[in-house]
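Student: My file is run.cif. It has mmCIF, N, CA and C atoms:
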data_protein
loop_
_atom_site.label_atom_id
_atom_site.label_comp_id
_atom_site.auth_asym_id
_atom_site.auth_seq_id
_atom_site.Cartn_x
_atom_site.Cartn_y
_atom_site.Cartn_z
N MET A 5 -48.13 17.27 22.55
CA MET A 5 -47.82 18.49 21.83
C MET A 5 -46.69 18.20 20.83
N GLU A 6 -46.86 18.70 19.62
CA GLU A 6 -45.86 18.51 18.58
C GLU A 6 -45.05 19.78 18.38
N ILE A 7 -43.89 19.63 17.77
CA ILE A 7 -42.99 20.77 17.57
C ILE A 7 -43.65 21.85 16.73
N VAL A 8 -44.50 21.46 15.78
CA VAL A 8 -45.17 22.47 14.94
C VAL A 8 -46.16 23.29 15.74
N ASP A 9 -46.56 22.80 16.91
CA ASP A 9 -47.46 23.56 17.78
C ASP A 9 -46.69 24.56 18.65
N VAL A 10 -45.40 24.36 18.80
CA VAL A 10 -44.57 25.20 19.67
C VAL A 10 -43.87 26.31 18.88
N LEU A 11 -43.37 25.99 17.72
CA LEU A 11 -42.62 26.96 16.93
C LEU A 11 -43.56 27.91 16.18
N PRO A 12 -43.09 29.13 15.90
CA PRO A 12 -43.92 30.08 15.16
C PRO A 12 -44.22 29.53 13.75
N PRO A 13 -45.35 29.92 13.18
CA PRO A 13 -45.76 29.38 11.88
C PRO A 13 -44.74 29.55 10.76
N ARG A 14 -43.97 30.62 10.76
CA ARG A 14 -43.01 30.86 9.68
C ARG A 14 -41.60 30.35 10.02
N PHE A 15 -41.49 29.52 11.03
CA PHE A 15 -40.18 28.99 11.40
C PHE A 15 -39.58 28.11 10.31
N GLY A 16 -40.42 27.62 9.43
CA GLY A 16 -39.93 26.84 8.29
C GLY A 16 -38.91 27.61 7.47
N PHE A 17 -39.11 28.94 7.35
CA PHE A 17 -38.12 29.77 6.64
C PHE A 17 -36.77 29.73 7.34
N VAL A 18 -36.80 29.69 8.65
CA VAL A 18 -35.56 29.63 9.43
C VAL A 18 -34.84 28.31 9.17
N ILE A 19 -35.58 27.24 9.14
CA ILE A 19 -34.99 25.93 8.87
C ILE A 19 -34.36 25.93 7.47
N LEU A 20 -35.04 26.52 6.51
CA LEU A 20 -34.47 26.61 5.16
C LEU A 20 -33.21 27.48 5.15
N THR A 21 -33.18 28.52 5.98
CA THR A 21 -31.98 29.35 6.09
C THR A 21 -30.82 28.53 6.67
N PHE A 22 -31.11 27.70 7.66
CA PHE A 22 -30.07 26.81 8.20
C PHE A 22 -29.56 25.86 7.12
N CYS A 23 -30.47 25.34 6.30
CA CYS A 23 -30.05 24.45 5.20
C CYS A 23 -29.16 25.20 4.22
N TYR A 24 -29.52 26.44 3.92
CA TYR A 24 -28.70 27.29 3.04
C TYR A 24 -27.31 27.49 3.64
N SER A 25 -27.24 27.65 4.95
CA SER A 25 -25.93 27.83 5.60
C SER A 25 -25.10 26.56 5.49
N TRP A 26 -25.74 25.41 5.52
CA TRP A 26 -25.03 24.15 5.35
C TRP A 26 -24.43 24.07 3.95
N VAL A 27 -25.20 24.49 2.95
CA VAL A 27 -24.70 24.51 1.57
C VAL A 27 -23.46 25.40 1.49
N MET A 28 -23.54 26.58 2.11
CA MET A 28 -22.41 27.51 2.09
C MET A 28 -21.18 26.89 2.75
N LEU A 29 -21.34 26.30 3.94
CA LEU A 29 -20.19 25.69 4.63
C LEU A 29 -19.59 24.54 3.83
N THR A 30 -20.45 23.75 3.21
CA THR A 30 -19.97 22.64 2.40
C THR A 30 -19.18 23.16 1.20
N TYR A 31 -19.70 24.20 0.56
CA TYR A 31 -18.99 24.81 -0.58
C TYR A 31 -17.60 25.29 -0.15
N LEU A 32 -17.53 26.03 0.97
CA LEU A 32 -16.24 26.54 1.43
C LEU A 32 -15.28 25.40 1.76
N ALA A 33 -15.79 24.32 2.36
CA ALA A 33 -14.94 23.18 2.71
C ALA A 33 -14.42 22.49 1.46
N VAL A 34 -15.26 22.33 0.46
CA VAL A 34 -14.84 21.70 -0.79
C VAL A 34 -13.77 22.55 -1.47
N LYS A 35 -13.92 23.86 -1.41
CA LYS A 35 -12.92 24.75 -2.01
C LYS A 35 -11.56 24.58 -1.31
N VAL A 36 -11.56 24.42 0.01
CA VAL A 36 -10.31 24.19 0.73
C VAL A 36 -9.71 22.85 0.32
N GLY A 37 -10.54 21.82 0.25
CA GLY A 37 -10.04 20.51 -0.17
C GLY A 37 -9.43 20.54 -1.56
N SER A 38 -10.09 21.22 -2.48
CA SER A 38 -9.56 21.36 -3.85
C SER A 38 -8.25 22.14 -3.86
N ALA A 39 -8.19 23.19 -3.05
CA ALA A 39 -6.97 24.00 -2.98
C ALA A 39 -5.82 23.20 -2.38
N ARG A 40 -6.11 22.33 -1.42
CA ARG A 40 -5.06 21.48 -0.85
C ARG A 40 -4.40 20.64 -1.95
N LYS A 41 -5.24 20.07 -2.81
CA LYS A 41 -4.71 19.26 -3.90
C LYS A 41 -3.93 20.13 -4.89
N LYS A 42 -4.51 21.24 -5.27
CA LYS A 42 -3.90 22.12 -6.28
C LYS A 42 -2.54 22.65 -5.82
N TYR A 43 -2.45 23.06 -4.54
CA TYR A 43 -1.24 23.69 -4.03
C TYR A 43 -0.34 22.74 -3.24
N GLY A 44 -0.75 21.47 -3.13
CA GLY A 44 0.09 20.47 -2.47
C GLY A 44 0.24 20.68 -0.97
N VAL A 45 -0.79 21.15 -0.32
CA VAL A 45 -0.75 21.36 1.13
C VAL A 45 -1.39 20.14 1.79
N LYS A 46 -0.58 19.33 2.42
CA LYS A 46 -1.04 18.07 3.02
C LYS A 46 -1.57 18.29 4.44
N TYR A 47 -2.52 17.43 4.83
CA TYR A 47 -3.01 17.45 6.21
C TYR A 47 -1.90 16.99 7.14
N PRO A 48 -1.77 17.47 8.34
CA PRO A 48 -2.65 18.42 9.04
C PRO A 48 -2.23 19.88 8.90
N THR A 49 -1.36 20.18 7.95
CA THR A 49 -0.89 21.55 7.79
C THR A 49 -2.08 22.47 7.51
N MET A 50 -2.18 23.55 8.29
CA MET A 50 -3.30 24.48 8.13
C MET A 50 -3.00 25.55 7.09
N TYR A 51 -1.75 26.00 7.03
CA TYR A 51 -1.39 27.10 6.13
C TYR A 51 -0.10 26.77 5.41
N SER A 52 0.09 27.41 4.27
CA SER A 52 1.27 27.19 3.46
C SER A 52 2.27 28.32 3.65
N ASP A 53 3.55 27.97 3.67
CA ASP A 53 4.60 28.99 3.71
C ASP A 53 4.85 29.58 2.32
N LYS A 54 4.33 28.91 1.29
CA LYS A 54 4.63 29.30 -0.08
C LYS A 54 3.44 29.82 -0.87
N GLU A 55 2.25 29.35 -0.56
CA GLU A 55 1.08 29.63 -1.39
C GLU A 55 0.09 30.55 -0.69
N GLN A 56 0.20 31.85 -0.99
CA GLN A 56 -0.68 32.86 -0.39
C GLN A 56 -2.15 32.61 -0.75
N VAL A 57 -2.41 32.20 -1.99
CA VAL A 57 -3.80 31.98 -2.40
C VAL A 57 -4.42 30.85 -1.58
N PHE A 58 -3.66 29.78 -1.34
CA PHE A 58 -4.18 28.71 -0.49
C PHE A 58 -4.55 29.25 0.88
N ASN A 59 -3.68 30.06 1.45
CA ASN A 59 -3.94 30.63 2.78
C ASN A 59 -5.22 31.47 2.78
N CYS A 60 -5.45 32.19 1.71
CA CYS A 60 -6.67 33.00 1.61
C CYS A 60 -7.91 32.11 1.54
N ILE A 61 -7.82 31.04 0.78
CA ILE A 61 -8.95 30.10 0.67
C ILE A 61 -9.21 29.45 2.02
N GLN A 62 -8.15 29.04 2.69
CA GLN A 62 -8.27 28.42 4.02
C GLN A 62 -8.87 29.40 5.02
N ARG A 63 -8.40 30.66 5.01
CA ARG A 63 -8.89 31.66 5.97
C ARG A 63 -10.37 31.98 5.74
N ALA A 64 -10.80 32.01 4.49
CA ALA A 64 -12.21 32.28 4.21
C ALA A 64 -13.09 31.24 4.90
N HIS A 65 -12.67 29.99 4.82
CA HIS A 65 -13.42 28.91 5.46
C HIS A 65 -13.29 28.99 6.99
N GLN A 66 -12.06 29.16 7.46
CA GLN A 66 -11.81 29.18 8.90
C GLN A 66 -12.53 30.33 9.58
N ASN A 67 -12.47 31.51 8.98
CA ASN A 67 -13.14 32.66 9.59
C ASN A 67 -14.64 32.43 9.67
N THR A 68 -15.21 31.83 8.65
CA THR A 68 -16.65 31.54 8.67
C THR A 68 -16.96 30.57 9.80
N LEU A 69 -16.13 29.55 9.98
CA LEU A 69 -16.34 28.59 11.07
C LEU A 69 -16.19 29.25 12.44
N GLU A 70 -15.33 30.27 12.53
CA GLU A 70 -15.14 30.97 13.80
C GLU A 70 -16.37 31.77 14.21
N VAL A 71 -17.10 32.27 13.23
CA VAL A 71 -18.27 33.11 13.50
C VAL A 71 -19.57 32.29 13.53
N TYR A 72 -19.56 31.16 12.88
CA TYR A 72 -20.78 30.36 12.68
C TYR A 72 -21.52 29.99 13.97
N PRO A 73 -20.85 29.53 15.02
CA PRO A 73 -21.61 29.16 16.25
C PRO A 73 -22.38 30.35 16.84
N GLN A 74 -21.76 31.52 16.86
CA GLN A 74 -22.45 32.69 17.39
C GLN A 74 -23.64 33.05 16.51
N TRP A 75 -23.45 32.98 15.19
CA TRP A 75 -24.55 33.27 14.29
C TRP A 75 -25.70 32.30 14.52
N LEU A 76 -25.40 31.01 14.67
CA LEU A 76 -26.44 30.02 14.90
C LEU A 76 -27.26 30.34 16.16
N VAL A 77 -26.58 30.70 17.22
CA VAL A 77 -27.28 31.01 18.48
C VAL A 77 -28.18 32.22 18.30
N PHE A 78 -27.63 33.32 17.80
CA PHE A 78 -28.43 34.53 17.64
C PHE A 78 -29.54 34.34 16.61
N GLN A 79 -29.26 33.61 15.55
CA GLN A 79 -30.26 33.34 14.52
C GLN A 79 -31.43 32.57 15.13
N THR A 80 -31.13 31.58 15.94
CA THR A 80 -32.18 30.75 16.54
C THR A 80 -33.01 31.54 17.54
N ILE A 81 -32.35 32.28 18.42
CA ILE A 81 -33.09 33.08 19.41
C ILE A 81 -33.98 34.09 18.71
N ALA A 82 -33.45 34.84 17.77
CA ALA A 82 -34.24 35.84 17.05
C ALA A 82 -35.41 35.20 16.32
N ALA A 83 -35.18 34.03 15.74
CA ALA A 83 -36.20 33.36 14.94
C ALA A 83 -37.37 32.83 15.75
N LEU A 84 -37.16 32.61 17.03
CA LEU A 84 -38.26 32.11 17.87
C LEU A 84 -39.39 33.13 18.00
N VAL A 85 -39.06 34.41 17.87
CA VAL A 85 -40.08 35.46 17.97
C VAL A 85 -40.27 36.19 16.64
N TYR A 86 -39.20 36.33 15.89
CA TYR A 86 -39.22 37.08 14.63
C TYR A 86 -38.73 36.19 13.48
N PRO A 87 -39.45 35.12 13.16
CA PRO A 87 -38.92 34.16 12.18
C PRO A 87 -38.69 34.73 10.78
N THR A 88 -39.57 35.57 10.31
CA THR A 88 -39.40 36.10 8.95
C THR A 88 -38.22 37.06 8.90
N ALA A 89 -38.15 37.99 9.83
CA ALA A 89 -37.03 38.95 9.87
C ALA A 89 -35.71 38.21 10.06
N ALA A 90 -35.70 37.24 10.96
CA ALA A 90 -34.46 36.48 11.19
C ALA A 90 -34.05 35.72 9.94
N SER A 91 -35.00 35.19 9.20
CA SER A 91 -34.67 34.46 7.97
C SER A 91 -34.06 35.39 6.93
N VAL A 92 -34.65 36.57 6.77
CA VAL A 92 -34.10 37.54 5.81
C VAL A 92 -32.69 37.93 6.23
N LEU A 93 -32.50 38.22 7.50
CA LEU A 93 -31.17 38.59 8.00
C LEU A 93 -30.19 37.42 7.86
N GLY A 94 -30.68 36.23 8.10
CA GLY A 94 -29.84 35.04 7.95
C GLY A 94 -29.39 34.82 6.52
N VAL A 95 -30.31 34.99 5.58
CA VAL A 95 -29.96 34.85 4.16
C VAL A 95 -28.93 35.90 3.77
N ILE A 96 -29.08 37.11 4.29
CA ILE A 96 -28.09 38.16 4.02
C ILE A 96 -26.73 37.72 4.53
N TRP A 97 -26.68 37.22 5.77
CA TRP A 97 -25.39 36.82 6.34
C TRP A 97 -24.76 35.66 5.56
N VAL A 98 -25.56 34.64 5.27
CA VAL A 98 -25.03 33.47 4.56
C VAL A 98 -24.53 33.88 3.17
N THR A 99 -25.31 34.66 2.46
CA THR A 99 -24.91 35.10 1.13
C THR A 99 -23.63 35.93 1.20
N SER A 100 -23.51 36.74 2.23
CA SER A 100 -22.30 37.56 2.38
C SER A 100 -21.06 36.71 2.55
N ARG A 101 -21.21 35.52 3.12
CA ARG A 101 -20.05 34.65 3.31
C ARG A 101 -19.54 34.13 1.96
N PHE A 102 -20.42 33.96 0.99
CA PHE A 102 -19.97 33.63 -0.36
C PHE A 102 -19.17 34.81 -0.92
N SER A 103 -19.73 36.01 -0.81
CA SER A 103 -19.04 37.20 -1.33
C SER A 103 -17.69 37.39 -0.65
N TYR A 104 -17.67 37.18 0.66
CA TYR A 104 -16.43 37.27 1.44
C TYR A 104 -15.39 36.29 0.88
N ALA A 105 -15.83 35.05 0.70
CA ALA A 105 -14.91 34.01 0.23
C ALA A 105 -14.43 34.30 -1.19
N TRP A 106 -15.33 34.65 -2.07
CA TRP A 106 -14.93 34.90 -3.46
C TRP A 106 -13.94 36.06 -3.54
N GLY A 107 -14.12 37.06 -2.71
CA GLY A 107 -13.15 38.15 -2.66
C GLY A 107 -11.80 37.66 -2.15
N TYR A 108 -11.84 36.86 -1.10
CA TYR A 108 -10.60 36.33 -0.51
C TYR A 108 -9.89 35.41 -1.50
N TYR A 109 -10.65 34.62 -2.26
CA TYR A 109 -10.06 33.65 -3.19
C TYR A 109 -9.19 34.31 -4.26
N THR A 110 -9.30 35.60 -4.45
CA THR A 110 -8.47 36.29 -5.43
C THR A 110 -7.01 36.33 -5.01
N GLY A 111 -6.75 36.08 -3.73
CA GLY A 111 -5.39 36.19 -3.21
C GLY A 111 -5.09 37.55 -2.64
N ASP A 112 -6.03 38.47 -2.78
CA ASP A 112 -5.89 39.81 -2.21
C ASP A 112 -6.81 39.89 -0.99
N PRO A 113 -6.27 39.75 0.23
CA PRO A 113 -7.10 39.71 1.43
C PRO A 113 -8.04 40.91 1.58
N ALA A 114 -7.69 42.05 1.04
CA ALA A 114 -8.56 43.23 1.16
C ALA A 114 -9.90 43.02 0.45
N LYS A 115 -9.91 42.15 -0.56
CA LYS A 115 -11.15 41.92 -1.31
C LYS A 115 -12.17 41.08 -0.54
N ARG A 116 -11.74 40.55 0.61
CA ARG A 116 -12.71 39.82 1.44
C ARG A 116 -13.80 40.76 1.93
N MET A 117 -13.51 42.05 1.93
CA MET A 117 -14.48 43.03 2.40
C MET A 117 -15.68 43.15 1.45
N ASN A 118 -15.63 42.45 0.31
CA ASN A 118 -16.81 42.38 -0.56
C ASN A 118 -18.00 41.79 0.20
N GLY A 119 -17.72 41.07 1.26
CA GLY A 119 -18.78 40.46 2.06
C GLY A 119 -19.14 41.25 3.30
N ALA A 120 -18.69 42.48 3.39
CA ALA A 120 -18.94 43.29 4.60
C ALA A 120 -20.43 43.53 4.86
N TYR A 121 -21.25 43.42 3.83
CA TYR A 121 -22.69 43.62 4.05
C TYR A 121 -23.28 42.55 4.97
N GLY A 122 -22.53 41.51 5.24
CA GLY A 122 -23.00 40.47 6.17
C GLY A 122 -23.17 40.98 7.59
N TYR A 123 -22.51 42.09 7.91
CA TYR A 123 -22.70 42.66 9.24
C TYR A 123 -24.15 43.06 9.47
N ILE A 124 -24.85 43.42 8.41
CA ILE A 124 -26.29 43.71 8.53
C ILE A 124 -27.01 42.49 9.07
N GLY A 125 -26.67 41.33 8.52
CA GLY A 125 -27.32 40.09 8.94
C GLY A 125 -26.99 39.68 10.35
N ILE A 126 -25.71 39.66 10.69
CA ILE A 126 -25.34 39.17 12.03
C ILE A 126 -25.71 40.17 13.12
N PHE A 127 -25.46 41.47 12.87
CA PHE A 127 -25.87 42.45 13.88
C PHE A 127 -27.38 42.53 13.99
N GLY A 128 -28.07 42.31 12.88
CA GLY A 128 -29.53 42.31 12.91
C GLY A 128 -30.10 41.23 13.83
N VAL A 129 -29.58 39.99 13.69
CA VAL A 129 -30.09 38.93 14.57
C VAL A 129 -29.62 39.11 16.00
N MET A 130 -28.48 39.76 16.19
CA MET A 130 -28.04 40.06 17.56
C MET A 130 -29.01 41.06 18.21
N ILE A 131 -29.38 42.08 17.48
CA ILE A 131 -30.32 43.07 18.01
C ILE A 131 -31.68 42.44 18.28
N LEU A 132 -32.14 41.60 17.37
CA LEU A 132 -33.42 40.92 17.60
C LEU A 132 -33.34 39.99 18.81
N SER A 133 -32.21 39.35 19.01
CA SER A 133 -32.02 38.48 20.18
C SER A 133 -32.08 39.29 21.47
N ILE A 134 -31.48 40.46 21.46
CA ILE A 134 -31.56 41.34 22.64
C ILE A 134 -33.01 41.75 22.88
N ALA A 135 -33.74 42.03 21.81
CA ALA A 135 -35.16 42.38 21.94
C ALA A 135 -35.94 41.23 22.56
N VAL A 136 -35.64 40.00 22.14
CA VAL A 136 -36.30 38.83 22.73
C VAL A 136 -35.97 38.73 24.21
N ALA A 137 -34.71 38.92 24.57
CA ALA A 137 -34.30 38.87 25.98
C ALA A 137 -35.05 39.91 26.79
N LEU A 138 -35.13 41.13 26.29
CA LEU A 138 -35.82 42.21 27.01
C LEU A 138 -37.32 41.92 27.14
N GLN A 139 -37.90 41.30 26.11
CA GLN A 139 -39.31 40.91 26.19
C GLN A 139 -39.51 39.85 27.28
N LEU A 140 -38.62 38.88 27.32
CA LEU A 140 -38.73 37.81 28.32
C LEU A 140 -38.56 38.36 29.74
N LEU A 141 -37.77 39.42 29.87
CA LEU A 141 -37.56 40.05 31.18
C LEU A 141 -38.64 41.07 31.51
N GLY A 142 -39.57 41.28 30.57
CA GLY A 142 -40.65 42.23 30.79
C GLY A 142 -40.20 43.68 30.70
N LEU A 143 -39.07 43.93 30.04
CA LEU A 143 -38.55 45.27 29.95
C LEU A 143 -38.82 45.93 28.60
N PHE A 144 -39.45 45.20 27.70
CA PHE A 144 -39.69 45.73 26.36
C PHE A 144 -41.03 45.25 25.85
#
Rewrite the coordinates I just gave you, this time as C-alpha coordinates.

Tutor:
Amino acid sequence: MEIVDVLPPRFGFVILTFCYSWVMLTYLAVKVGSARKKYGVKYPTMYSDKEQVFNCIQRAHQNTLEVYPQWLVFQTIAALVYPTAASVLGVIWVTSRFSYAWGYYTGDPAKRMNGAYGYIGIFGVMILSIAVALQLLGLF
(Lines of atoms letter the chains of each structure in order from A and count residues from 1; the text may use other names and numbers.)
(Lines give C-alpha, C1' and ligand atoms only; values in the text may rest on other atoms or scores of the structure.)
Protein backbone atom coordinates (compact mmCIF):
# COMPACT_ATOMS: atom_id res chain seq x y z
CA MET A 1 0.00 0.00 0.00
CA GLU A 2 1.30 3.44 -0.94
CA ILE A 3 0.73 6.75 0.82
CA VAL A 4 -1.40 8.01 -2.07
CA ASP A 5 -3.77 5.11 -1.37
CA VAL A 6 -4.17 6.14 2.29
CA LEU A 7 -4.48 9.92 2.11
CA PRO A 8 -7.58 11.67 0.74
CA PRO A 9 -7.36 12.61 -2.95
CA ARG A 10 -7.13 16.36 -2.28
CA PHE A 11 -4.44 16.06 0.38
CA GLY A 12 -2.01 17.52 -2.14
CA PHE A 13 -3.56 20.92 -1.38
CA VAL A 14 -2.65 20.40 2.27
CA ILE A 15 0.95 19.63 1.37
CA LEU A 16 1.07 22.82 -0.71
CA THR A 17 -0.34 24.73 2.28
CA PHE A 18 2.48 23.33 4.44
CA CYS A 19 4.97 24.50 1.78
CA TYR A 20 3.36 27.96 1.86
CA SER A 21 3.79 28.00 5.65
CA TRP A 22 7.48 27.21 5.20
CA VAL A 23 7.81 30.21 2.87
CA MET A 24 6.13 32.39 5.49
CA LEU A 25 8.40 31.17 8.32
CA THR A 26 11.49 31.63 6.18
CA TYR A 27 10.41 35.17 5.28
CA LEU A 28 9.86 36.07 8.96
CA ALA A 29 13.24 34.57 9.92
CA VAL A 30 15.06 36.49 7.18
CA LYS A 31 13.39 39.71 8.36
CA VAL A 32 14.71 39.08 11.90
CA GLY A 33 18.19 38.38 10.57
CA SER A 34 18.15 41.59 8.53
CA ALA A 35 16.87 43.56 11.51
CA ARG A 36 19.68 42.17 13.68
CA LYS A 37 22.20 43.62 11.25
CA LYS A 38 20.35 46.92 10.83
CA TYR A 39 19.87 47.53 14.57
CA GLY A 40 23.10 45.91 15.78
CA VAL A 41 21.46 43.25 17.95
CA LYS A 42 23.99 40.42 18.28
CA TYR A 43 23.22 36.77 19.03
CA PRO A 44 22.15 35.38 21.49
CA THR A 45 20.34 38.56 22.54
CA MET A 46 16.63 38.10 21.87
CA TYR A 47 15.45 41.68 22.38
CA SER A 48 16.92 45.15 22.33
CA ASP A 49 16.81 47.65 25.18
CA LYS A 50 17.05 50.46 22.63
CA GLU A 51 15.33 49.44 19.39
CA GLN A 52 11.55 49.01 19.68
CA VAL A 53 11.18 48.24 15.96
CA PHE A 54 13.65 45.35 16.26
CA ASN A 55 11.62 43.97 19.16
CA CYS A 56 8.45 44.16 17.08
CA ILE A 57 10.11 42.31 14.19
CA GLN A 58 11.45 39.68 16.59
CA ARG A 59 8.06 39.25 18.31
CA ALA A 60 6.24 38.80 14.99
CA HIS A 61 8.50 35.85 14.24
CA GLN A 62 8.54 34.48 17.80
CA ASN A 63 4.77 34.63 18.21
CA THR A 64 4.30 32.77 14.94
CA LEU A 65 6.72 30.07 16.11
CA GLU A 66 4.81 29.81 19.41
CA VAL A 67 1.55 29.06 17.60
CA TYR A 68 2.95 27.06 14.68
CA PRO A 69 3.16 23.58 16.32
CA GLN A 70 -0.49 23.71 17.40
CA TRP A 71 -1.54 24.90 13.95
CA LEU A 72 0.40 22.04 12.33
CA VAL A 73 -1.33 19.45 14.51
CA PHE A 74 -4.85 20.79 13.98
CA GLN A 75 -4.21 21.42 10.28
CA THR A 76 -3.06 17.83 9.78
CA ILE A 77 -5.91 16.23 11.73
CA ALA A 78 -8.54 18.34 9.97
CA ALA A 79 -6.97 17.67 6.58
CA LEU A 80 -7.17 13.90 6.94
CA VAL A 81 -10.96 14.12 6.59
CA TYR A 82 -11.57 17.62 5.22
CA PRO A 83 -8.53 18.34 3.01
CA THR A 84 -10.03 21.11 0.90
CA ALA A 85 -11.60 23.00 3.82
CA ALA A 86 -8.43 22.58 5.88
CA SER A 87 -6.32 23.90 3.01
CA VAL A 88 -8.49 27.00 2.62
CA LEU A 89 -8.39 27.61 6.37
CA GLY A 90 -4.64 26.98 6.39
CA VAL A 91 -4.03 29.49 3.61
CA ILE A 92 -6.09 32.03 5.56
CA TRP A 93 -3.99 31.43 8.69
CA VAL A 94 -0.64 31.54 6.89
CA THR A 95 -1.57 34.68 4.95
CA SER A 96 -2.73 36.32 8.18
CA ARG A 97 0.73 35.81 9.64
CA PHE A 98 2.16 38.02 6.89
CA SER A 99 -0.45 40.69 7.69
CA TYR A 100 0.30 40.29 11.41
CA ALA A 101 4.03 40.72 10.80
CA TRP A 102 3.73 43.66 8.43
CA GLY A 103 1.55 45.45 10.96
CA TYR A 104 4.02 44.70 13.75
CA TYR A 105 6.99 45.81 11.59
CA THR A 106 5.67 49.39 11.73
CA GLY A 107 6.86 49.58 15.34
CA ASP A 108 3.30 50.05 16.57
CA PRO A 109 2.36 46.75 18.27
CA ALA A 110 -1.37 47.52 17.94
CA LYS A 111 -1.05 47.20 14.15
CA ARG A 112 -0.27 43.51 14.53
CA MET A 113 -4.03 43.10 14.77
CA ASN A 114 -4.11 43.55 10.98
CA GLY A 115 -3.65 39.78 11.02
CA ALA A 116 -6.56 39.05 13.36
CA TYR A 117 -8.47 37.37 10.53
CA GLY A 118 -6.12 34.43 11.05
CA TYR A 119 -8.32 33.33 13.93
CA ILE A 120 -10.77 32.16 11.26
CA GLY A 121 -8.09 29.80 9.98
CA ILE A 122 -6.80 28.42 13.26
CA PHE A 123 -10.18 28.13 14.99
CA GLY A 124 -11.58 26.61 11.80
CA VAL A 125 -9.07 23.75 11.77
CA MET A 126 -9.54 23.31 15.52
CA ILE A 127 -13.29 22.88 15.02
CA LEU A 128 -12.73 20.48 12.12
CA SER A 129 -10.29 18.50 14.29
CA ILE A 130 -12.93 18.20 17.00
CA ALA A 131 -15.38 17.01 14.34
CA VAL A 132 -12.87 14.35 13.27
CA ALA A 133 -12.43 13.25 16.90
CA LEU A 134 -16.20 12.99 17.39
CA GLN A 135 -16.52 10.99 14.16
CA LEU A 136 -13.80 8.58 15.29
CA LEU A 137 -15.63 8.16 18.62
CA GLY A 138 -18.90 7.51 16.78
CA LEU A 139 -20.52 10.57 18.35
CA PHE A 140 -20.97 12.60 15.18

Student: Got a sec: who's within 12 Å of Glu55 in chain A, counting only C-alpha atoms, leaving out chain neighbours fewer than 6 positions off, as a list of chain:residue names?

Tutor: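 The filter keeps A:Ala39, A:Arg40, A:Lys42, A:Tyr43, A:Gly44, A:Val45, A:Ile61, A:Gln62, A:Tyr109, A:Gly111.
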
Student: Between A:Val8, A:Ala120, A:Ile134, A:Cys23, which is the closest to Arg101 in chain A once you count only N, CA and C atoms?

Tutor: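 Of the candidates, the smallest distance to Arg101 in chain A is held by A:Ala120.
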
Student: Within 8 Å of range 91-95 of chain A, which residues of range 20-77 of chain A come that close, and what is the closest atom pair and distance in Å for each? Count all atoms listed in the file and give it as a tab-separated table.

Tutor:
residue	atom	partner	partner_atom	distance
A:Leu20	C	A:Ser91	CA	7.7
A:Thr21	CA	A:Val95	N	5.9
A:Phe22	N	A:Gly94	C	7.4
A:Tyr24	CA	A:Val95	CA	7.7
A:Ser25	N	A:Gly94	C	7.6

Student: Skipping near chain neighbours, those fewer than 3 positions away, what residues fall within 8 Å of Val136 in chain A using all atoms listed in the file, listed as a list in words?

Tutor: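 Returned residues: Ile81, Ala82, Val85, Tyr86, Met130, Ile131, Leu132, Ser133, Gln139, Leu140, Leu141 and Gly142 of chain A.
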
Student: Output N, CA and C atoms for every residue in that selection, as a tab-separated table (two decimals), in the coordinates of the input.

Tutor:
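Resulting contents of part.tsv:
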chain	number	residue	atom	x	y	z
A	81	ILE	N	-32.35	32.28	18.42
A	81	ILE	CA	-33.09	33.08	19.41
A	81	ILE	C	-33.98	34.09	18.71
A	82	ALA	N	-33.45	34.84	17.77
A	82	ALA	CA	-34.24	35.84	17.05
A	82	ALA	C	-35.41	35.20	16.32
A	85	VAL	N	-39.06	34.41	17.87
A	85	VAL	CA	-40.08	35.46	17.97
A	85	VAL	C	-40.27	36.19	16.64
A	86	TYR	N	-39.20	36.33	15.89
A	86	TYR	CA	-39.22	37.08	14.63
A	86	TYR	C	-38.73	36.19	13.48
A	130	MET	N	-28.48	39.76	16.19
A	130	MET	CA	-28.04	40.06	17.56
A	130	MET	C	-29.01	41.06	18.21
A	131	ILE	N	-29.38	42.08	17.48
A	131	ILE	CA	-30.32	43.07	18.01
A	131	ILE	C	-31.68	42.44	18.28
A	132	LEU	N	-32.14	41.60	17.37
A	132	LEU	CA	-33.42	40.92	17.60
A	132	LEU	C	-33.34	39.99	18.81
A	133	SER	N	-32.21	39.35	19.01
A	133	SER	CA	-32.02	38.48	20.18
A	133	SER	C	-32.08	39.29	21.47
A	139	GLN	N	-37.90	41.30	26.11
A	139	GLN	CA	-39.31	40.91	26.19
A	139	GLN	C	-39.51	39.85	27.28
A	140	LEU	N	-38.62	38.88	27.32
A	140	LEU	CA	-38.73	37.81	28.32
A	140	LEU	C	-38.56	38.36	29.74
A	141	LEU	N	-37.77	39.42	29.87
A	141	LEU	CA	-37.56	40.05	31.18
A	141	LEU	C	-38.64	41.07	31.51
A	142	GLY	N	-39.57	41.28	30.57
A	142	GLY	CA	-40.65	42.23	30.79
A	142	GLY	C	-40.20	43.68	30.70

Student: Step by step, work through what the PyMOL selection byres ((chain A and resi 113-119) around 7) selects in the shown file, and finish by giving those residues as number ranges by chain.

Tutor: A: 60, 99-112, 120-123

Student: Between A:Phe127, A:Thr68, A:Pro73, A:Ala135, single out the one closest to Tyr31 in chain A, counting only C-alpha atoms.

Tutor: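 Under the stated criterion, the closest residue is A:Thr68.
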
Student: Which polymer residues have any atom within 6.5 Å of an atom of Ala90 in chain A, counting only N, CA and C atoms, with same-chain residues fewer than 6 positions away left out, as a list in words?

Tutor: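 Everything that qualifies: Val18, Gln79, Ala82, Ala83 and Val129 of chain A.
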
Student: Have a look at atom C of Ala64 in chain A and CA of Leu84 in chain A and let me know their distance in Å, one decimal.

Tutor: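 Here the two named atoms are 28.3 Å from each other.
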
Student: CA of Val98 in chain A and CA of Met28 in chain A, how far apart in Å?

Tutor: 7.0 Å

Student: Point out the residue among A:Leu138, A:Phe17, A:Ile126, A:Ala89 with the least atom-to-atom distance to Gln74 in chain A, counting only N, CA and C atoms.

Tutor: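 Among A:Leu138, A:Phe17, A:Ile126, A:Ala89, it is A:Ile126 that comes nearest to Gln74 in chain A.
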
Student: Hey, what does DSSP flag as alpha helix (DSSP H) within chain A? Can you give it to me as a PyMOL selection string?

Tutor: chain A and resi 7-10+15-43+56-85+87-108+122-140

Student: Tell me, in Å to one decimal, how far CA of Leu76 in chain A is from CA of Ala33 in chain A.

Tutor: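 Separation of CA of Leu76 in chain A and CA of Ala33 in chain A: 18.1 Å.
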
Student: Could you check the closest approach to Leu32 in chain A for each of A:Lys54, A:His65, A:Thr80, A:Thr49 and tell me which residue wins, using only N, CA and C atoms?

Tutor: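 With only N, CA and C atoms as the atom set, the closest residue is A:His65.
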
Student: Let me make sure I understand: among A:Met5, A:Gly125, A:Pro48, A:Val71, which one has the smallest atom-to-atom distance to Trp97 in chain A if we use only C-alpha atoms?

Tutor: A:Gly125
